[in-house]
Amino acid sequence: MAVRDILKMGDARLLRVAKPVSAFDTPELHALIADLMDTMEAADGAGLAAPQIGVDLAVVIFGFAHNARYPDAPEVPFTVLVNPQIEPLSSAMEEGWEGCLSVPGLRGVVPRFAHIRYRGFDAYGAPIDRSVSGFHARVVQHECDHLIGKLYPMRMRDFTRFGFLDVLDVPNLPPD
């Protein structure tokens, strides 16, 4: 459909809490998902949330077979996730480098739950219920944070591990 502008950190719209989707399989919802897909693909992203393009609805997309921004990451199945809920399956946390299309040029180490269960719906209202770990779990948590007005720097604990890609001296840090 269309490549949309991605809002950047500092835009107050990124801090709002998204509203749940109330109607599935509508032309409006399918158009939003098409715009998210086109925008994510154009930016070579691993995921994108509706609030990142200025739409206050609880819709995220994520997934890739291979992603240049995360070349060592395992495949994550492409998913449209509407009205998601995340449940940690253990208290175990993993730290990992993250970037964000709304925070261009920067990377930081973010703690995330290592194992989660996520539930929600696809664009047609069919239920989704998956238990995942590793990078898949990280991507889901990152994208769903956008639905509650959080950007990854808000989750960071150590700002000595945050900086511009062209300055950070970290081996194998993926490009932006």
# chains A, B, ... in the order shown; residues from 1 in each chain; ligands from 1
$ select_by_dssp --residues "segment 119-165 of chain A" --states "strand (DSSP E or B)" --output "list in words"
Arg119, Gly120, Phe121, Pro127, Ile128, Asp129, Arg130, Ser131, Val132, Ser133, Phe162, Gly163 and Phe164 of chain A
$ write_last_selection --atoms "C-alpha atoms" --output "mmCIF file, in the first residue's frame"
data_model
loop_
_atom_site.group_PDB
_atom_site.id
_atom_site.type_symbol
_atom_site.label_atom_id
_atom_site.label_comp_id
_atom_site.auth_asym_id
_atom_site.auth_seq_id
_atom_site.Cartn_x
_atom_site.Cartn_y
_atom_site.Cartn_z
ATOM 1 C CA ARG A 119 -1.149 -14.352 22.792
ATOM 2 C CA GLY A 120 -3.294 -12.239 20.540
ATOM 3 C CA PHE A 121 -5.015 -12.453 17.187
ATOM 4 C CA PRO A 127 -6.143 -16.641 17.981
ATOM 5 C CA ILE A 128 -2.354 -16.808 18.207
ATOM 6 C CA ASP A 129 -0.722 -18.489 21.203
ATOM 7 C CA ARG A 130 3.041 -19.155 21.141
ATOM 8 C CA SER A 131 5.767 -19.856 23.666
ATOM 9 C CA VAL A 132 9.165 -18.623 22.492
ATOM 10 C CA SER A 133 12.660 -17.806 23.682
ATOM 11 C CA PHE A 162 24.396 2.716 24.768
ATOM 12 C CA GLY A 163 25.619 4.835 21.932
ATOM 13 C CA PHE A 164 25.878 5.682 18.280
#
$ select_by_dssp --residues "segment 28-169 of chain A" --states "helix (DSSP H, G or I)" --output "PyMOL selection string"
chain A and resi 28-43+50-53+134-148+152-155+159-161
$ residues_around --residues "segment 58-61 of chain A" --least-positions-apart "2" --cutoff "8 Å" --atoms "only C-alpha atoms" --output "count of residues only"
23
$ residues_around --residues "Met154 of chain A" --least-positions-apart "4" --cutoff "12 Å" --atoms "only C-alpha atoms" --output "ChimeraX atom specification"
/A:9,15,103,108-111,142,145-146,148-150,158-159,162
$ write_last_selection --atoms "C-alpha atoms" --output "mmCIF file, in the first residue's frame"
data_model
loop_
_atom_site.group_PDB
_atom_site.id
_atom_site.type_symbol
_atom_site.label_atom_id
_atom_site.label_comp_id
_atom_site.auth_asym_id
_atom_site.auth_seq_id
_atom_site.Cartn_x
_atom_site.Cartn_y
_atom_site.Cartn_z
ATOM 1 C CA MET A 9 12.194 9.233 19.702
ATOM 2 C CA LEU A 15 4.657 7.639 24.435
ATOM 3 C CA VAL A 103 15.823 5.463 17.499
ATOM 4 C CA GLY A 108 21.919 -0.320 23.557
ATOM 5 C CA VAL A 109 21.983 -3.391 25.768
ATOM 6 C CA VAL A 110 18.491 -4.217 27.009
ATOM 7 C CA PRO A 111 17.410 -6.884 29.515
ATOM 8 C CA HIS A 142 10.466 -4.885 21.895
ATOM 9 C CA ASP A 145 6.651 -2.166 24.291
ATOM 10 C CA HIS A 146 5.674 0.343 21.601
ATOM 11 C CA ILE A 148 2.521 0.833 25.997
ATOM 12 C CA GLY A 149 4.563 3.910 25.100
ATOM 13 C CA LYS A 150 8.017 2.471 25.865
ATOM 14 C CA ASP A 158 23.512 0.575 32.011
ATOM 15 C CA PHE A 159 23.985 3.612 29.792
ATOM 16 C CA PHE A 162 24.396 2.716 24.768
#
$ residues_around --residues "Pro104 of chain A" --least-positions-apart "4" --cutoff "12 Å" --atoms "only C-alpha atoms" --output "number ranges by chain"
A: 6-10, 43, 45, 69, 98-100, 108, 151-152, 163-166, 175-176
$ write_last_selection --atoms "N, CA, C and O atoms" --output "short mmCIF file (atom, residue, chain, number, x, y, z; two decimals), in the first residue's frame"
data_model
loop_
_atom_site.label_atom_id
_atom_site.label_comp_id
_atom_site.auth_asym_id
_atom_site.auth_seq_id
_atom_site.Cartn_x
_atom_site.Cartn_y
_atom_site.Cartn_z
N ILE A 6 8.33 6.93 9.74
CA ILE A 6 8.49 6.32 11.05
C ILE A 6 8.79 7.43 12.05
O ILE A 6 9.73 8.21 11.86
N LEU A 7 7.98 7.50 13.10
CA LEU A 7 8.19 8.51 14.14
C LEU A 7 9.49 8.22 14.87
O LEU A 7 9.88 7.07 15.05
N LYS A 8 10.15 9.28 15.30
CA LYS A 8 11.42 9.15 16.00
C LYS A 8 11.28 9.53 17.47
O LYS A 8 10.40 10.32 17.84
N MET A 9 12.16 8.95 18.28
CA MET A 9 12.19 9.23 19.70
C MET A 9 12.17 10.74 19.91
O MET A 9 12.90 11.48 19.25
N GLY A 10 11.34 11.18 20.81
CA GLY A 10 11.12 12.61 21.04
C GLY A 10 9.72 13.02 20.61
O GLY A 10 9.18 14.00 21.11
N ALA A 43 12.51 -0.21 5.44
CA ALA A 43 13.51 0.16 6.45
C ALA A 43 14.38 -1.02 6.86
O ALA A 43 15.26 -0.87 7.71
N GLY A 45 13.55 -3.56 8.66
CA GLY A 45 13.33 -3.78 10.07
C GLY A 45 13.01 -5.22 10.40
O GLY A 45 12.63 -6.01 9.53
N ARG A 69 20.12 -5.98 9.37
CA ARG A 69 20.37 -5.26 10.60
C ARG A 69 20.75 -6.20 11.74
O ARG A 69 21.36 -5.79 12.72
N GLU A 98 20.07 -3.99 21.20
CA GLU A 98 18.87 -3.67 20.44
C GLU A 98 19.03 -2.35 19.73
O GLU A 98 19.77 -1.46 20.19
N GLY A 99 18.33 -2.25 18.63
CA GLY A 99 18.18 -1.00 17.91
C GLY A 99 16.71 -0.81 17.65
O GLY A 99 15.89 -1.66 17.99
N CYS A 100 16.36 0.30 17.06
CA CYS A 100 14.94 0.58 16.80
C CYS A 100 14.84 1.56 15.65
O CYS A 100 15.62 2.52 15.57
N GLY A 108 21.74 -0.20 22.12
CA GLY A 108 21.92 -0.32 23.56
C GLY A 108 21.64 -1.73 24.03
O GLY A 108 20.93 -2.49 23.36
N LEU A 151 10.08 2.91 24.72
CA LEU A 151 11.16 2.70 23.76
C LEU A 151 12.29 1.99 24.50
O LEU A 151 12.45 2.15 25.71
N TYR A 152 13.10 1.23 23.75
CA TYR A 152 14.09 0.38 24.42
C TYR A 152 15.02 1.13 25.38
O TYR A 152 15.40 0.56 26.41
N GLY A 163 24.93 3.81 22.70
CA GLY A 163 25.62 4.83 21.93
C GLY A 163 25.34 4.75 20.45
O GLY A 163 24.56 3.92 19.97
N PHE A 164 26.02 5.63 19.73
CA PHE A 164 25.88 5.68 18.28
C PHE A 164 26.67 4.55 17.64
O PHE A 164 27.79 4.24 18.06
N LEU A 165 26.08 3.96 16.63
CA LEU A 165 26.72 2.84 15.94
C LEU A 165 28.10 3.17 15.41
O LEU A 165 29.00 2.34 15.48
N ASP A 166 28.27 4.39 14.91
CA ASP A 166 29.56 4.74 14.31
C ASP A 166 30.62 5.07 15.36
O ASP A 166 31.77 5.33 15.02
N PRO A 175 24.79 -3.46 11.72
CA PRO A 175 24.62 -2.09 11.23
C PRO A 175 23.18 -1.63 11.38
O PRO A 175 22.28 -2.44 11.58
N ASP A 176 22.98 -0.33 11.25
CA ASP A 176 21.63 0.22 11.33
C ASP A 176 20.98 0.21 9.96
O ASP A 176 21.59 0.37 8.96
#
$ residues_around --residues "Leu89 of chain A" --least-positions-apart "5" --cutoff "8 Å" --atoms "only C-alpha atoms" --output "ChimeraX atom specification"
/A:115-117
$ closest_residue --among "A:Glu94, A:Asp44, A:Glu28, A:Asp11" --to "Ala137 of chain A" --atoms "only C-alpha atoms"
A:Glu94
$ residues_around --residues "Pro74 of chain A" --least-positions-apart "6" --cutoff "12 Å" --atoms "only C-alpha atoms" --output "PDB file with all heavy atoms, in the first residue's frame"
ATOM      1  N   ALA A  46      13.150  -5.569  11.677  1.00  0.00           N
ATOM      2  CA  ALA A  46      12.780  -6.892  12.177  1.00  0.00           C
ATOM      3  C   ALA A  46      11.339  -6.902  12.654  1.00  0.00           C
ATOM      4  O   ALA A  46      10.732  -7.949  12.822  1.00  0.00           O
ATOM      5  CB  ALA A  46      13.710  -7.290  13.316  1.00  0.00           C
ATOM      6  N   GLY A  63       9.143 -10.353  12.098  1.00  0.00           N
ATOM      7  CA  GLY A  63       9.588 -11.590  11.495  1.00  0.00           C
ATOM      8  C   GLY A  63      10.426 -11.388  10.249  1.00  0.00           C
ATOM      9  O   GLY A  63      10.323 -10.366   9.580  1.00  0.00           O
ATOM     10  N   PHE A  64      11.270 -12.388   9.974  1.00  0.00           N
ATOM     11  CA  PHE A  64      12.171 -12.347   8.822  1.00  0.00           C
ATOM     12  C   PHE A  64      12.855 -13.694   8.694  1.00  0.00           C
ATOM     13  O   PHE A  64      12.965 -14.439   9.667  1.00  0.00           O
ATOM     14  CB  PHE A  64      13.227 -11.242   8.994  1.00  0.00           C
ATOM     15  CG  PHE A  64      13.985 -11.357  10.282  1.00  0.00           C
ATOM     16  CD1 PHE A  64      15.121 -12.146  10.365  1.00  0.00           C
ATOM     17  CD2 PHE A  64      13.549 -10.689  11.414  1.00  0.00           C
ATOM     18  CE1 PHE A  64      15.809 -12.274  11.564  1.00  0.00           C
ATOM     19  CE2 PHE A  64      14.238 -10.821  12.623  1.00  0.00           C
ATOM     20  CZ  PHE A  64      15.365 -11.610  12.693  1.00  0.00           C
ATOM     21  N   ALA A  65      13.283 -13.984   7.478  1.00  0.00           N
ATOM     22  CA  ALA A  65      14.124 -15.163   7.252  1.00  0.00           C
ATOM     23  C   ALA A  65      15.580 -14.777   7.492  1.00  0.00           C
ATOM     24  O   ALA A  65      16.350 -15.515   8.095  1.00  0.00           O
ATOM     25  CB  ALA A  65      13.937 -15.694   5.838  1.00  0.00           C
ATOM     26  N   HIS A  66      15.961 -13.580   7.006  1.00  0.00           N
ATOM     27  CA  HIS A  66      17.293 -13.019   7.220  1.00  0.00           C
ATOM     28  C   HIS A  66      17.139 -11.507   7.258  1.00  0.00           C
ATOM     29  O   HIS A  66      16.348 -10.945   6.503  1.00  0.00           O
ATOM     30  CB  HIS A  66      18.263 -13.403   6.105  1.00  0.00           C
ATOM     31  CG  HIS A  66      19.612 -12.781   6.265  1.00  0.00           C
ATOM     32  ND1 HIS A  66      20.519 -13.235   7.191  1.00  0.00           N
ATOM     33  CD2 HIS A  66      20.184 -11.726   5.649  1.00  0.00           C
ATOM     34  CE1 HIS A  66      21.612 -12.475   7.130  1.00  0.00           C
ATOM     35  NE2 HIS A  66      21.434 -11.562   6.203  1.00  0.00           N
ATOM     36  N   ASN A  67      17.884 -10.860   8.147  1.00  0.00           N
ATOM     37  CA  ASN A  67      17.769  -9.417   8.280  1.00  0.00           C
ATOM     38  C   ASN A  67      19.167  -8.816   8.346  1.00  0.00           C
ATOM     39  O   ASN A  67      19.968  -9.213   9.208  1.00  0.00           O
ATOM     40  CB  ASN A  67      16.962  -9.066   9.537  1.00  0.00           C
ATOM     41  CG  ASN A  67      16.710  -7.585   9.671  1.00  0.00           C
ATOM     42  OD1 ASN A  67      17.586  -6.845  10.093  1.00  0.00           O
ATOM     43  ND2 ASN A  67      15.519  -7.147   9.312  1.00  0.00           N
ATOM     44  N   ALA A  68      19.458  -7.875   7.455  1.00  0.00           N
ATOM     45  CA  ALA A  68      20.784  -7.257   7.392  1.00  0.00           C
ATOM     46  C   ALA A  68      21.123  -6.502   8.674  1.00  0.00           C
ATOM     47  O   ALA A  68      22.293  -6.387   9.040  1.00  0.00           O
ATOM     48  CB  ALA A  68      20.870  -6.320   6.192  1.00  0.00           C
ATOM     49  N   SER A 133      11.501 -18.239  22.907  1.00  0.00           N
ATOM     50  CA  SER A 133      12.660 -17.806  23.682  1.00  0.00           C
ATOM     51  C   SER A 133      13.654 -17.136  22.750  1.00  0.00           C
ATOM     52  O   SER A 133      13.446 -17.052  21.540  1.00  0.00           O
ATOM     53  CB  SER A 133      13.294 -19.003  24.401  1.00  0.00           C
ATOM     54  OG  SER A 133      13.689 -19.972  23.457  1.00  0.00           O
ATOM     55  N   GLY A 134      14.750 -16.663  23.337  1.00  0.00           N
ATOM     56  CA  GLY A 134      15.836 -16.087  22.557  1.00  0.00           C
ATOM     57  C   GLY A 134      15.438 -14.835  21.800  1.00  0.00           C
ATOM     58  O   GLY A 134      14.671 -13.998  22.292  1.00  0.00           O
ATOM     59  N   PHE A 135      15.981 -14.722  20.575  1.00  0.00           N
ATOM     60  CA  PHE A 135      15.773 -13.509  19.786  1.00  0.00           C
ATOM     61  C   PHE A 135      14.302 -13.299  19.442  1.00  0.00           C
ATOM     62  O   PHE A 135      13.820 -12.172  19.431  1.00  0.00           O
ATOM     63  CB  PHE A 135      16.626 -13.549  18.514  1.00  0.00           C
ATOM     64  CG  PHE A 135      16.704 -12.225  17.807  1.00  0.00           C
ATOM     65  CD1 PHE A 135      17.459 -11.189  18.313  1.00  0.00           C
ATOM     66  CD2 PHE A 135      15.992 -12.013  16.629  1.00  0.00           C
ATOM     67  CE1 PHE A 135      17.528  -9.961  17.673  1.00  0.00           C
ATOM     68  CE2 PHE A 135      16.054 -10.783  15.981  1.00  0.00           C
ATOM     69  CZ  PHE A 135      16.822  -9.755  16.504  1.00  0.00           C
ATOM     70  N   HIS A 136      13.577 -14.376  19.182  1.00  0.00           N
ATOM     71  CA  HIS A 136      12.143 -14.278  18.898  1.00  0.00           C
ATOM     72  C   HIS A 136      11.437 -13.588  20.073  1.00  0.00           C
ATOM     73  O   HIS A 136      10.658 -12.650  19.878  1.00  0.00           O
ATOM     74  CB  HIS A 136      11.578 -15.680  18.653  1.00  0.00           C
ATOM     75  CG  HIS A 136      10.166 -15.713  18.168  1.00  0.00           C
ATOM     76  ND1 HIS A 136       9.700 -16.746  17.409  1.00  0.00           N
ATOM     77  CD2 HIS A 136       9.120 -14.892  18.329  1.00  0.00           C
ATOM     78  CE1 HIS A 136       8.425 -16.550  17.117  1.00  0.00           C
ATOM     79  NE2 HIS A 136       8.053 -15.419  17.674  1.00  0.00           N
ATOM     80  N   ALA A 137      11.730 -14.022  21.293  1.00  0.00           N
ATOM     81  CA  ALA A 137      11.127 -13.410  22.480  1.00  0.00           C
ATOM     82  C   ALA A 137      11.523 -11.941  22.611  1.00  0.00           C
ATOM     83  O   ALA A 137      10.699 -11.088  22.958  1.00  0.00           O
ATOM     84  CB  ALA A 137      11.542 -14.186  23.733  1.00  0.00           C
ATOM     85  N   ARG A 138      12.773 -11.632  22.294  1.00  0.00           N
ATOM     86  CA  ARG A 138      13.250 -10.244  22.375  1.00  0.00           C
ATOM     87  C   ARG A 138      12.484  -9.353  21.403  1.00  0.00           C
ATOM     88  O   ARG A 138      12.040  -8.253  21.749  1.00  0.00           O
ATOM     89  CB  ARG A 138      14.753 -10.195  22.082  1.00  0.00           C
ATOM     90  CG  ARG A 138      15.349  -8.783  22.063  1.00  0.00           C
ATOM     91  CD  ARG A 138      16.869  -8.817  21.977  1.00  0.00           C
ATOM     92  NE  ARG A 138      17.421  -9.477  23.154  1.00  0.00           N
ATOM     93  CZ  ARG A 138      17.569  -8.883  24.346  1.00  0.00           C
ATOM     94  NH1 ARG A 138      17.245  -7.620  24.503  1.00  0.00           N
ATOM     95  NH2 ARG A 138      18.056  -9.557  25.367  1.00  0.00           N
ATOM     96  N   VAL A 139      12.324  -9.815  20.164  1.00  0.00           N
ATOM     97  CA  VAL A 139      11.635  -9.010  19.148  1.00  0.00           C
ATOM     98  C   VAL A 139      10.186  -8.737  19.566  1.00  0.00           C
ATOM     99  O   VAL A 139       9.698  -7.609  19.467  1.00  0.00           O
ATOM    100  CB  VAL A 139      11.695  -9.706  17.767  1.00  0.00           C
ATOM    101  CG1 VAL A 139      10.773  -9.028  16.764  1.00  0.00           C
ATOM    102  CG2 VAL A 139      13.125  -9.717  17.240  1.00  0.00           C
TER     103      VAL A 139
END
$ closest_residue --among "A:Gly125, A:Gly96, A:Pro174, A:Pro153" --to "Leu29 of chain A" --atoms "only C-alpha atoms"
A:Gly125
$ atom_distance --atom1 "atom CA of Ala123 of chain A" --atom2 "atom CA of Arg155 of chain A"
28.9 Å
$ decode --residues "segment 50-170 of chain A" --atoms "C-alpha atoms" --output "PDB file, in the first residue's frame"
ATOM      1  CA  ALA A  50       1.394   0.750  14.573  1.00  0.00           C
ATOM      2  CA  PRO A  51       2.297   3.604  16.986  1.00  0.00           C
ATOM      3  CA  GLN A  52       5.634   3.970  15.148  1.00  0.00           C
ATOM      4  CA  ILE A  53       3.710   5.195  12.109  1.00  0.00           C
ATOM      5  CA  GLY A  54       1.371   7.342  14.206  1.00  0.00           C
ATOM      6  CA  VAL A  55      -1.540   4.904  14.534  1.00  0.00           C
ATOM      7  CA  ASP A  56      -2.756   4.340  18.109  1.00  0.00           C
ATOM      8  CA  LEU A  57      -3.883   0.740  17.679  1.00  0.00           C
ATOM      9  CA  ALA A  58      -2.517  -2.418  19.308  1.00  0.00           C
ATOM     10  CA  VAL A  59      -1.039  -3.947  16.157  1.00  0.00           C
ATOM     11  CA  VAL A  60       2.527  -5.163  15.643  1.00  0.00           C
ATOM     12  CA  ILE A  61       4.222  -7.070  12.879  1.00  0.00           C
ATOM     13  CA  PHE A  62       7.563  -8.862  13.084  1.00  0.00           C
ATOM     14  CA  GLY A  63       9.588 -11.590  11.495  1.00  0.00           C
ATOM     15  CA  PHE A  64      12.171 -12.347   8.822  1.00  0.00           C
ATOM     16  CA  ALA A  65      14.124 -15.163   7.252  1.00  0.00           C
ATOM     17  CA  HIS A  66      17.293 -13.019   7.220  1.00  0.00           C
ATOM     18  CA  ASN A  67      17.769  -9.417   8.280  1.00  0.00           C
ATOM     19  CA  ALA A  68      20.784  -7.257   7.392  1.00  0.00           C
ATOM     20  CA  ARG A  69      20.375  -5.256  10.601  1.00  0.00           C
ATOM     21  CA  TYR A  70      20.643  -8.493  12.649  1.00  0.00           C
ATOM     22  CA  PRO A  71      22.722 -10.803  10.428  1.00  0.00           C
ATOM     23  CA  ASP A  72      23.438 -13.390  13.126  1.00  0.00           C
ATOM     24  CA  ALA A  73      19.866 -13.604  14.392  1.00  0.00           C
ATOM     25  CA  PRO A  74      17.898 -16.795  13.820  1.00  0.00           C
ATOM     26  CA  GLU A  75      14.809 -16.744  11.627  1.00  0.00           C
ATOM     27  CA  VAL A  76      11.631 -15.399  13.235  1.00  0.00           C
ATOM     28  CA  PRO A  77       8.341 -16.360  11.558  1.00  0.00           C
ATOM     29  CA  PHE A  78       6.498 -13.433  10.004  1.00  0.00           C
ATOM     30  CA  THR A  79       3.599 -12.575  12.299  1.00  0.00           C
ATOM     31  CA  VAL A  80       0.786 -10.061  12.438  1.00  0.00           C
ATOM     32  CA  LEU A  81      -0.152  -9.761  16.112  1.00  0.00           C
ATOM     33  CA  VAL A  82      -3.216  -7.800  17.176  1.00  0.00           C
ATOM     34  CA  ASN A  83      -4.099  -6.990  20.805  1.00  0.00           C
ATOM     35  CA  PRO A  84      -1.075  -8.871  22.164  1.00  0.00           C
ATOM     36  CA  GLN A  85      -0.528 -10.034  25.707  1.00  0.00           C
ATOM     37  CA  ILE A  86       2.862 -11.185  26.975  1.00  0.00           C
ATOM     38  CA  GLU A  87       3.426 -13.545  29.871  1.00  0.00           C
ATOM     39  CA  PRO A  88       6.952 -14.307  31.134  1.00  0.00           C
ATOM     40  CA  LEU A  89       7.419 -18.078  31.510  1.00  0.00           C
ATOM     41  CA  SER A  90      10.272 -17.683  33.976  1.00  0.00           C
ATOM     42  CA  SER A  91      12.101 -14.914  35.773  1.00  0.00           C
ATOM     43  CA  ALA A  92      15.248 -15.543  33.696  1.00  0.00           C
ATOM     44  CA  MET A  93      16.460 -12.455  31.868  1.00  0.00           C
ATOM     45  CA  GLU A  94      18.866 -12.096  28.945  1.00  0.00           C
ATOM     46  CA  GLU A  95      20.746  -8.988  27.925  1.00  0.00           C
ATOM     47  CA  GLY A  96      21.189  -8.180  24.263  1.00  0.00           C
ATOM     48  CA  TRP A  97      21.953  -5.335  21.897  1.00  0.00           C
ATOM     49  CA  GLU A  98      18.870  -3.674  20.441  1.00  0.00           C
ATOM     50  CA  GLY A  99      18.181  -0.999  17.907  1.00  0.00           C
ATOM     51  CA  CYS A 100      14.944   0.584  16.800  1.00  0.00           C
ATOM     52  CA  LEU A 101      13.670   2.238  13.662  1.00  0.00           C
ATOM     53  CA  SER A 102      12.368   5.028  15.925  1.00  0.00           C
ATOM     54  CA  VAL A 103      15.823   5.463  17.499  1.00  0.00           C
ATOM     55  CA  PRO A 104      18.005   5.484  14.367  1.00  0.00           C
ATOM     56  CA  GLY A 105      21.765   5.235  14.566  1.00  0.00           C
ATOM     57  CA  LEU A 106      21.842   4.089  18.199  1.00  0.00           C
ATOM     58  CA  ARG A 107      22.189   0.716  19.940  1.00  0.00           C
ATOM     59  CA  GLY A 108      21.919  -0.320  23.557  1.00  0.00           C
ATOM     60  CA  VAL A 109      21.983  -3.391  25.768  1.00  0.00           C
ATOM     61  CA  VAL A 110      18.491  -4.217  27.009  1.00  0.00           C
ATOM     62  CA  PRO A 111      17.410  -6.884  29.515  1.00  0.00           C
ATOM     63  CA  ARG A 112      14.426  -8.963  28.359  1.00  0.00           C
ATOM     64  CA  PHE A 113      12.649 -12.049  29.613  1.00  0.00           C
ATOM     65  CA  ALA A 114      14.347 -15.101  28.114  1.00  0.00           C
ATOM     66  CA  HIS A 115      11.159 -17.167  27.750  1.00  0.00           C
ATOM     67  CA  ILE A 116       7.693 -15.761  27.101  1.00  0.00           C
ATOM     68  CA  ARG A 117       4.241 -16.764  25.981  1.00  0.00           C
ATOM     69  CA  TYR A 118       2.476 -14.332  23.717  1.00  0.00           C
ATOM     70  CA  ARG A 119      -1.149 -14.352  22.792  1.00  0.00           C
ATOM     71  CA  GLY A 120      -3.294 -12.239  20.540  1.00  0.00           C
ATOM     72  CA  PHE A 121      -5.015 -12.453  17.187  1.00  0.00           C
ATOM     73  CA  ASP A 122      -4.195 -12.295  13.519  1.00  0.00           C
ATOM     74  CA  ALA A 123      -5.845  -9.804  11.151  1.00  0.00           C
ATOM     75  CA  TYR A 124      -8.859 -12.093  10.752  1.00  0.00           C
ATOM     76  CA  GLY A 125      -9.439 -12.582  14.477  1.00  0.00           C
ATOM     77  CA  ALA A 126      -7.939 -16.080  14.671  1.00  0.00           C
ATOM     78  CA  PRO A 127      -6.143 -16.641  17.981  1.00  0.00           C
ATOM     79  CA  ILE A 128      -2.354 -16.808  18.207  1.00  0.00           C
ATOM     80  CA  ASP A 129      -0.722 -18.489  21.203  1.00  0.00           C
ATOM     81  CA  ARG A 130       3.041 -19.155  21.141  1.00  0.00           C
ATOM     82  CA  SER A 131       5.767 -19.856  23.666  1.00  0.00           C
ATOM     83  CA  VAL A 132       9.165 -18.623  22.492  1.00  0.00           C
ATOM     84  CA  SER A 133      12.660 -17.806  23.682  1.00  0.00           C
ATOM     85  CA  GLY A 134      15.836 -16.087  22.557  1.00  0.00           C
ATOM     86  CA  PHE A 135      15.773 -13.509  19.786  1.00  0.00           C
ATOM     87  CA  HIS A 136      12.143 -14.278  18.898  1.00  0.00           C
ATOM     88  CA  ALA A 137      11.127 -13.410  22.480  1.00  0.00           C
ATOM     89  CA  ARG A 138      13.250 -10.244  22.375  1.00  0.00           C
ATOM     90  CA  VAL A 139      11.635  -9.010  19.148  1.00  0.00           C
ATOM     91  CA  VAL A 140       8.101  -9.602  20.458  1.00  0.00           C
ATOM     92  CA  GLN A 141       8.812  -7.786  23.729  1.00  0.00           C
ATOM     93  CA  HIS A 142      10.466  -4.885  21.895  1.00  0.00           C
ATOM     94  CA  GLU A 143       7.554  -4.407  19.485  1.00  0.00           C
ATOM     95  CA  CYS A 144       4.890  -4.795  22.163  1.00  0.00           C
ATOM     96  CA  ASP A 145       6.651  -2.166  24.291  1.00  0.00           C
ATOM     97  CA  HIS A 146       5.674   0.343  21.601  1.00  0.00           C
ATOM     98  CA  LEU A 147       2.030  -0.378  22.423  1.00  0.00           C
ATOM     99  CA  ILE A 148       2.521   0.833  25.997  1.00  0.00           C
ATOM    100  CA  GLY A 149       4.563   3.910  25.100  1.00  0.00           C
ATOM    101  CA  LYS A 150       8.017   2.471  25.865  1.00  0.00           C
ATOM    102  CA  LEU A 151      11.159   2.703  23.758  1.00  0.00           C
ATOM    103  CA  TYR A 152      14.090   0.384  24.424  1.00  0.00           C
ATOM    104  CA  PRO A 153      16.271   3.058  26.134  1.00  0.00           C
ATOM    105  CA  MET A 154      13.591   3.210  28.855  1.00  0.00           C
ATOM    106  CA  ARG A 155      14.348  -0.458  29.651  1.00  0.00           C
ATOM    107  CA  MET A 156      18.129  -0.059  29.790  1.00  0.00           C
ATOM    108  CA  ARG A 157      19.998  -0.408  33.083  1.00  0.00           C
ATOM    109  CA  ASP A 158      23.512   0.575  32.011  1.00  0.00           C
ATOM    110  CA  PHE A 159      23.985   3.612  29.792  1.00  0.00           C
ATOM    111  CA  THR A 160      27.685   2.862  29.365  1.00  0.00           C
ATOM    112  CA  ARG A 161      26.405   0.264  26.854  1.00  0.00           C
ATOM    113  CA  PHE A 162      24.396   2.716  24.768  1.00  0.00           C
ATOM    114  CA  GLY A 163      25.619   4.835  21.932  1.00  0.00           C
ATOM    115  CA  PHE A 164      25.878   5.682  18.280  1.00  0.00           C
ATOM    116  CA  LEU A 165      26.719   2.839  15.939  1.00  0.00           C
ATOM    117  CA  ASP A 166      29.558   4.743  14.311  1.00  0.00           C
ATOM    118  CA  VAL A 167      31.199   5.307  17.717  1.00  0.00           C
ATOM    119  CA  LEU A 168      30.561   2.079  19.632  1.00  0.00           C
ATOM    120  CA  ASP A 169      33.489  -0.321  19.721  1.00  0.00           C
ATOM    121  CA  VAL A 170      31.568  -3.580  19.872  1.00  0.00           C
TER     122      VAL A 170
END
